[in-house]
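Below: my_file-v2.pdb (PDB, C-alpha atoms, pLDDT in the B column)
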MODEL        1
ATOM      1  CA  MET A   1     -52.157  84.972 187.898  1.00 45.00           C
ATOM      2  CA  PRO A   2     -49.991  87.084 185.554  1.00 46.00           C
ATOM      3  CA  TRP A   3     -48.991  90.610 186.495  1.00 45.00           C
ATOM      4  CA  TRP A   4     -46.340  93.122 185.558  1.00 45.00           C
ATOM      5  CA  LEU A   5     -44.432  95.953 187.123  1.00 46.00           C
ATOM      6  CA  PRO A   6     -44.281  99.333 185.438  1.00 49.00           C
ATOM      7  CA  GLY A   7     -40.989  99.784 183.654  1.00 50.00           C
ATOM      8  CA  HIS A   8     -40.346  96.015 183.612  1.00 48.00           C
ATOM      9  CA  GLY A   9     -42.045  95.074 180.348  1.00 49.00           C
ATOM     10  CA  SER A  10     -45.614  95.048 179.089  1.00 46.00           C
ATOM     11  CA  PRO A  11     -48.349  92.505 179.828  1.00 49.00           C
ATOM     12  CA  GLY A  12     -47.590  90.701 176.570  1.00 51.00           C
ATOM     13  CA  ASP A  13     -43.837  90.736 177.192  1.00 48.00           C
ATOM     14  CA  GLU A  14     -42.411  87.638 178.952  1.00 48.00           C
ATOM     15  CA  THR A  15     -39.846  89.693 180.920  1.00 44.00           C
ATOM     16  CA  GLY A  16     -42.604  91.499 182.791  1.00 43.00           C
ATOM     17  CA  ARG A  17     -44.257  88.380 184.228  1.00 41.00           C
ATOM     18  CA  THR A  18     -43.620  86.764 187.556  1.00 39.00           C
ATOM     19  CA  ARG A  19     -45.409  84.266 189.787  1.00 40.00           C
ATOM     20  CA  ALA A  20     -45.886  84.168 193.528  1.00 41.00           C
ATOM     21  CA  THR A  21     -43.704  81.545 195.168  1.00 42.00           C
ATOM     22  CA  ASP A  22     -46.258  80.630 197.822  1.00 44.00           C
ATOM     23  CA  SER A  23     -46.439  76.853 198.211  1.00 43.00           C
ATOM     24  CA  THR A  24     -50.254  77.011 198.153  1.00 45.00           C
ATOM     25  CA  ALA A  25     -50.382  78.798 194.771  1.00 44.00           C
ATOM     26  CA  PRO A  26     -51.630  76.669 191.859  1.00 44.00           C
ATOM     27  CA  THR A  27     -49.123  75.762 189.182  1.00 46.00           C
ATOM     28  CA  ALA A  28     -51.471  76.436 186.247  1.00 48.00           C
ATOM     29  CA  HIS A  29     -52.845  79.873 185.343  1.00 47.00           C
ATOM     30  CA  SER A  30     -56.354  80.611 186.492  1.00 45.00           C
ATOM     31  CA  PRO A  31     -58.863  81.092 183.663  1.00 50.00           C
ATOM     32  CA  SER A  32     -60.453  84.091 185.416  1.00 49.00           C
ATOM     33  CA  PRO A  33     -59.054  87.482 184.435  1.00 50.00           C
ATOM     34  CA  SER A  34     -57.162  89.599 186.934  1.00 47.00           C
ATOM     35  CA  PRO A  35     -58.636  93.004 187.729  1.00 49.00           C
ATOM     36  CA  ALA A  36     -55.145  94.547 187.810  1.00 50.00           C
ATOM     37  CA  ALA A  37     -54.123  93.193 184.402  1.00 47.00           C
ATOM     38  CA  PRO A  38     -55.820  93.455 181.005  1.00 48.00           C
ATOM     39  CA  THR A  39     -57.761  90.360 179.951  1.00 47.00           C
ATOM     40  CA  THR A  40     -55.785  88.022 177.720  1.00 47.00           C
ATOM     41  CA  ALA A  41     -56.814  84.790 176.112  1.00 47.00           C
ATOM     42  CA  THR A  42     -55.598  81.682 177.841  1.00 47.00           C
ATOM     43  CA  SER A  43     -55.091  78.342 176.236  1.00 46.00           C
ATOM     44  CA  SER A  44     -56.193  75.029 177.635  1.00 50.00           C
ATOM     45  CA  THR A  45     -52.585  73.908 177.983  1.00 53.00           C
ATOM     46  CA  SER A  46     -50.427  75.186 180.751  1.00 54.00           C
ATOM     47  CA  THR A  47     -47.453  77.314 179.744  1.00 57.00           C
ATOM     48  CA  PRO A  48     -44.410  77.394 181.991  1.00 59.00           C
ATOM     49  CA  THR A  49     -43.971  80.556 183.994  1.00 60.00           C
ATOM     50  CA  PRO A  50     -40.633  82.241 183.352  1.00 61.00           C
ATOM     51  CA  THR A  51     -38.248  82.639 186.288  1.00 61.00           C
ATOM     52  CA  PRO A  52     -38.078  86.244 187.491  1.00 60.00           C
ATOM     53  CA  THR A  53     -34.879  88.090 186.740  1.00 61.00           C
ATOM     54  CA  PRO A  54     -32.971  88.622 189.993  1.00 60.00           C
ATOM     55  CA  THR A  55     -32.416  92.203 190.998  1.00 59.00           C
ATOM     56  CA  PRO A  56     -28.698  92.945 191.396  1.00 59.00           C
ATOM     57  CA  THR A  57     -27.620  93.673 194.946  1.00 58.00           C
ATOM     58  CA  PRO A  58     -25.914  97.037 195.279  1.00 56.00           C
ATOM     59  CA  THR A  59     -22.307  96.851 196.338  1.00 55.00           C
ATOM     60  CA  PRO A  60     -21.642  98.526 199.679  1.00 52.00           C
ATOM     61  CA  THR A  61     -19.551 101.627 199.557  1.00 51.00           C
ATOM     62  CA  PRO A  62     -16.584 102.001 201.918  1.00 50.00           C
ATOM     63  CA  THR A  63     -18.316 104.915 203.674  1.00 47.00           C
ATOM     64  CA  SER A  64     -21.328 102.757 204.659  1.00 44.00           C
ATOM     65  CA  LYS A  65     -19.112 100.408 206.671  1.00 46.00           C
ATOM     66  CA  ALA A  66     -19.664 100.799 210.430  1.00 52.00           C
ATOM     67  CA  THR A  67     -16.532 101.555 212.396  1.00 61.00           C
ATOM     68  CA  HIS A  68     -15.879 100.500 215.965  1.00 77.00           C
ATOM     69  CA  ALA A  69     -14.205 103.202 218.029  1.00 88.00           C
ATOM     70  CA  PRO A  70     -11.012 101.921 219.642  1.00 91.00           C
ATOM     71  CA  LEU A  71     -10.752 101.747 223.407  1.00 94.00           C
ATOM     72  CA  ASP A  72      -9.354 104.886 225.005  1.00 94.00           C
ATOM     73  CA  ARG A  73      -6.076 104.336 226.895  1.00 96.00           C
ATOM     74  CA  GLN A  74      -6.811 107.224 229.277  1.00 97.00           C
ATOM     75  CA  GLY A  75     -10.265 105.813 230.063  1.00 96.00           C
ATOM     76  CA  ILE A  76      -8.763 102.386 230.740  1.00 96.00           C
ATOM     77  CA  GLU A  77      -6.044 103.726 233.013  1.00 97.00           C
ATOM     78  CA  ARG A  78      -8.385 106.117 234.833  1.00 97.00           C
ATOM     79  CA  VAL A  79     -10.862 103.364 235.787  1.00 97.00           C
ATOM     80  CA  PHE A  80      -8.094 100.916 236.671  1.00 96.00           C
ATOM     81  CA  ALA A  81      -6.472 103.473 238.997  1.00 97.00           C
ATOM     82  CA  LEU A  82      -9.872 104.212 240.598  1.00 97.00           C
ATOM     83  CA  TYR A  83     -10.451 100.496 241.183  1.00 95.00           C
ATOM     84  CA  MET A  84      -6.927  99.590 242.368  1.00 95.00           C
ATOM     85  CA  ASN A  85      -6.589 102.645 244.619  1.00 96.00           C
ATOM     86  CA  GLY A  86      -9.952 101.683 246.112  1.00 95.00           C
ATOM     87  CA  LEU A  87      -8.466  98.276 246.948  1.00 93.00           C
ATOM     88  CA  ALA A  88      -5.169  99.633 248.273  1.00 95.00           C
ATOM     89  CA  GLN A  89      -6.739 102.444 250.334  1.00 96.00           C
ATOM     90  CA  HIS A  90      -9.730 100.388 251.503  1.00 94.00           C
ATOM     91  CA  ASP A  91     -12.094 102.880 249.872  1.00 95.00           C
ATOM     92  CA  MET A  92     -15.315 101.012 249.037  1.00 94.00           C
ATOM     93  CA  THR A  93     -16.815 104.044 247.237  1.00 95.00           C
ATOM     94  CA  SER A  94     -13.943 104.171 244.719  1.00 95.00           C
ATOM     95  CA  LEU A  95     -13.859 100.397 244.406  1.00 94.00           C
ATOM     96  CA  ARG A  96     -17.580 100.276 243.638  1.00 94.00           C
ATOM     97  CA  ARG A  97     -17.394 103.184 241.142  1.00 96.00           C
ATOM     98  CA  GLY A  98     -14.639 101.379 239.225  1.00 96.00           C
ATOM     99  CA  THR A  99     -16.419  97.998 239.241  1.00 95.00           C
ATOM    100  CA  CYS A 100     -18.880  97.108 236.486  1.00 94.00           C
ATOM    101  CA  PRO A 101     -22.513  97.368 237.639  1.00 94.00           C
ATOM    102  CA  ARG A 102     -23.270  93.647 237.329  1.00 92.00           C
ATOM    103  CA  LEU A 103     -20.507  92.792 239.854  1.00 91.00           C
ATOM    104  CA  ARG A 104     -20.929  95.613 242.378  1.00 91.00           C
ATOM    105  CA  ALA A 105     -23.255  93.597 244.614  1.00 89.00           C
ATOM    106  CA  SER A 106     -20.641  90.829 244.933  1.00 87.00           C
ATOM    107  CA  LEU A 107     -17.946  93.108 246.425  1.00 86.00           C
ATOM    108  CA  LEU A 108     -17.235  91.814 249.910  1.00 83.00           C
ATOM    109  CA  GLY A 109     -14.011  93.516 250.953  1.00 85.00           C
ATOM    110  CA  PHE A 110     -10.522  94.548 249.964  1.00 90.00           C
ATOM    111  CA  ALA A 111      -8.671  91.235 249.822  1.00 87.00           C
ATOM    112  CA  LEU A 112      -7.483  89.610 246.600  1.00 82.00           C
ATOM    113  CA  ASN A 113      -6.884  85.910 247.139  1.00 84.00           C
ATOM    114  CA  GLY A 114      -6.543  86.508 250.879  1.00 89.00           C
ATOM    115  CA  TYR A 115      -4.138  89.482 250.722  1.00 93.00           C
ATOM    116  CA  PHE A 116      -4.513  93.215 250.738  1.00 95.00           C
ATOM    117  CA  VAL A 117      -3.035  95.313 247.940  1.00 95.00           C
ATOM    118  CA  ASP A 118      -0.168  97.395 249.299  1.00 95.00           C
ATOM    119  CA  ARG A 119       1.062  98.789 245.961  1.00 96.00           C
ATOM    120  CA  TRP A 120       0.284  98.140 242.337  1.00 96.00           C
ATOM    121  CA  GLU A 121       1.866  98.875 238.970  1.00 97.00           C
ATOM    122  CA  LEU A 122       0.026  98.538 235.675  1.00 97.00           C
ATOM    123  CA  GLN A 123       2.095  96.605 233.148  1.00 97.00           C
ATOM    124  CA  PRO A 124       2.413  97.586 229.446  1.00 97.00           C
ATOM    125  CA  TYR A 125      -0.541  96.411 227.352  1.00 96.00           C
ATOM    126  CA  GLU A 126      -1.876  96.542 223.807  1.00 95.00           C
ATOM    127  CA  ILE A 127      -5.372  97.674 222.897  1.00 94.00           C
ATOM    128  CA  PRO A 128      -7.006  95.177 220.523  1.00 91.00           C
ATOM    129  CA  PRO A 129      -9.003  96.631 217.616  1.00 91.00           C
ATOM    130  CA  ASN A 130     -12.790  96.315 217.324  1.00 92.00           C
ATOM    131  CA  THR A 131     -13.531  95.302 220.892  1.00 92.00           C
ATOM    132  CA  ASP A 132     -15.115  96.702 224.025  1.00 93.00           C
ATOM    133  CA  LEU A 133     -12.993  94.745 226.478  1.00 92.00           C
ATOM    134  CA  LEU A 134      -9.408  93.832 227.172  1.00 94.00           C
ATOM    135  CA  SER A 135      -7.238  92.167 229.764  1.00 95.00           C
ATOM    136  CA  VAL A 136      -4.620  94.191 231.638  1.00 96.00           C
ATOM    137  CA  GLU A 137      -1.941  92.947 233.990  1.00 96.00           C
ATOM    138  CA  ALA A 138      -0.605  94.608 237.130  1.00 96.00           C
ATOM    139  CA  LYS A 139       2.221  93.784 239.480  1.00 97.00           C
ATOM    140  CA  ILE A 140       0.772  93.695 242.977  1.00 95.00           C
ATOM    141  CA  THR A 141       2.742  94.014 246.203  1.00 96.00           C
ATOM    142  CA  ARG A 142       0.665  92.083 248.734  1.00 95.00           C
ATOM    143  CA  ARG A 143       0.251  92.663 252.444  1.00 95.00           C
ATOM    144  CA  ASP A 144      -0.868  89.978 254.882  1.00 96.00           C
ATOM    145  CA  PRO A 145      -4.122  91.201 256.503  1.00 94.00           C
ATOM    146  CA  GLU A 146      -3.409  89.395 259.789  1.00 94.00           C
ATOM    147  CA  THR A 147       0.204  90.399 260.389  1.00 95.00           C
ATOM    148  CA  GLY A 148       0.378  93.598 258.338  1.00 94.00           C
ATOM    149  CA  LYS A 149       3.682  92.403 256.805  1.00 97.00           C
ATOM    150  CA  LEU A 150       4.489  92.493 253.103  1.00 96.00           C
ATOM    151  CA  ALA A 151       3.785  89.137 251.477  1.00 96.00           C
ATOM    152  CA  GLY A 152       5.582  89.337 248.118  1.00 95.00           C
ATOM    153  CA  GLU A 153       4.662  90.377 244.601  1.00 96.00           C
ATOM    154  CA  VAL A 154       2.397  88.701 242.072  1.00 95.00           C
ATOM    155  CA  LEU A 155       1.140  89.481 238.594  1.00 94.00           C
ATOM    156  CA  ASN A 156      -2.645  89.562 238.341  1.00 94.00           C
ATOM    157  CA  GLN A 157      -4.865  90.163 235.340  1.00 95.00           C
ATOM    158  CA  TRP A 158      -8.128  92.122 235.193  1.00 94.00           C
ATOM    159  CA  ILE A 159     -10.805  92.561 232.574  1.00 95.00           C
ATOM    160  CA  ILE A 160     -11.628  96.142 231.567  1.00 96.00           C
ATOM    161  CA  GLU A 161     -14.929  96.662 229.723  1.00 95.00           C
ATOM    162  CA  ARG A 162     -16.531  99.604 227.943  1.00 95.00           C
ATOM    163  CA  ASP A 163     -20.333  99.763 227.924  1.00 93.00           C
ATOM    164  CA  ALA A 164     -22.676 101.232 225.307  1.00 92.00           C
ATOM    165  CA  ASP A 165     -22.491 104.635 227.061  1.00 93.00           C
ATOM    166  CA  GLN A 166     -18.681 104.659 226.640  1.00 93.00           C
ATOM    167  CA  GLN A 167     -18.118 104.130 230.392  1.00 96.00           C
ATOM    168  CA  TYR A 168     -15.161 101.985 231.453  1.00 97.00           C
ATOM    169  CA  TYR A 169     -15.282  99.448 234.288  1.00 97.00           C
ATOM    170  CA  VAL A 170     -13.117  96.772 235.871  1.00 96.00           C
ATOM    171  CA  CYS A 171     -15.101  93.556 235.595  1.00 93.00           C
ATOM    172  CA  GLY A 172     -13.177  91.089 237.717  1.00 82.00           C
ATOM    173  CA  TRP A 173      -9.751  89.595 237.943  1.00 77.00           C
ATOM    174  CA  LEU A 174      -8.613  86.381 236.326  1.00 81.00           C
ATOM    175  CA  ASN A 175      -6.111  85.006 238.845  1.00 74.00           C
ATOM    176  CA  GLU A 176      -7.119  82.573 241.559  1.00 64.00           C
ATOM    177  CA  GLU A 177      -4.641  80.884 243.886  1.00 58.00           C
TER
ENDMDL
END
Output the file's structure in the form of structure tokens.
Amino acid sequence: MPWWLPGHGSPGDETGRTRATDSTAPTAHSPSPSPAAPTTATSSTSTPTPTPTPTPTPTPTPTSKATHAPLDRQGIERVFALYMNGLAQHDMTSLRRGTCPRLRASLLGFALNGYFVDRWELQPYEIPPNTDLLSVEAKITRRDPETGKLAGEVLNQWIIERDADQQYYVCGWLNEE
């Protein structure tokens, strides 16, 4: 069934015609006139339907590009200190506040791989662009929970995440012994 769009040619102009691409549409023109188009004479032979001219896609402007806010170093260090001080001081409230919500229920105590945290020192780190998480490393001075004696130093890594509300959380550590 022929039709045209205003401003895209007249009913007699080939550039104004298009055809529906529905697989159930007949390939030949229907002899009945369309109420939306003026009546035109049709021949008994089928004429090929011209391919519609594609509409050019507008090029995006640099200002329409979405930007991802970088992670905030102060936010990272604030939540890491809250979490690590909670471990070192056996403060479950601070530990829970610094832990991401999906892992809070799994907190069982203050031991990391069987040792308490006596002291910790965050190591230098880089903030990757366009992300909401990163891995940080800290040097941990361990204390044996049974004897109370220092048990050496280790380097452990933690995942820091930022949620959609721009809140930062520690979401687990990566080192297992």
* To do: Run the PyMOL selection byres ((chain A and resi 129) around 10) against the file shown and list the residues it catches, as a list in words.
  =>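 After applying the PyMOL selection byres ((chain A and resi 129) around 10), what remains is His68, Ala69, Pro70, Leu71, Glu126, Ile127, Pro128, Asn130, Thr131, Asp132, Leu133 and Leu134 of chain A.
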* Asked: So which residues get picked by the PyMOL selection byres ((chain A and resi 139-151) around 12) here, written as a PyMOL selection string?
  -> chain A and resi 84-85+87-88+90+109-124+136-138+152-158+175
* Could you work out how far CA of Val79 (chain A) lies from CA of Tyr169 (chain A), giving the answer in Å with one decimal? -> 6.1 Å
* Structure fact -> Taken to one decimal, the CA of Leu107 (chain A)-CA of Arg73 (chain A) distance is 25.5 Å
* Asked: Just how far from CA of Ile76 (chain A) is CA of Ile160 (chain A), in Å to one decimal?
  ->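 The value is 6.9 Å.
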* Within 7 Å of Leu95 (chain A) using only C-alpha atoms, minus same-chain residues under 4 positions, as a PyMOL selection string -> chain A and resi 82-83+86-87+91+99
* Structure fact -> Across A:Asp163, A:Tyr168, A:Thr93, A:Ser135, the smallest distance to Gln74 (chain A), with only C-alpha atoms counted, is shown by A:Tyr168
* Result set of the PyMOL selection byres ((chain A and resi 172) around 7) on the coordinates above, as number ranges by chain -> A: 158-159, 170-171, 173-174
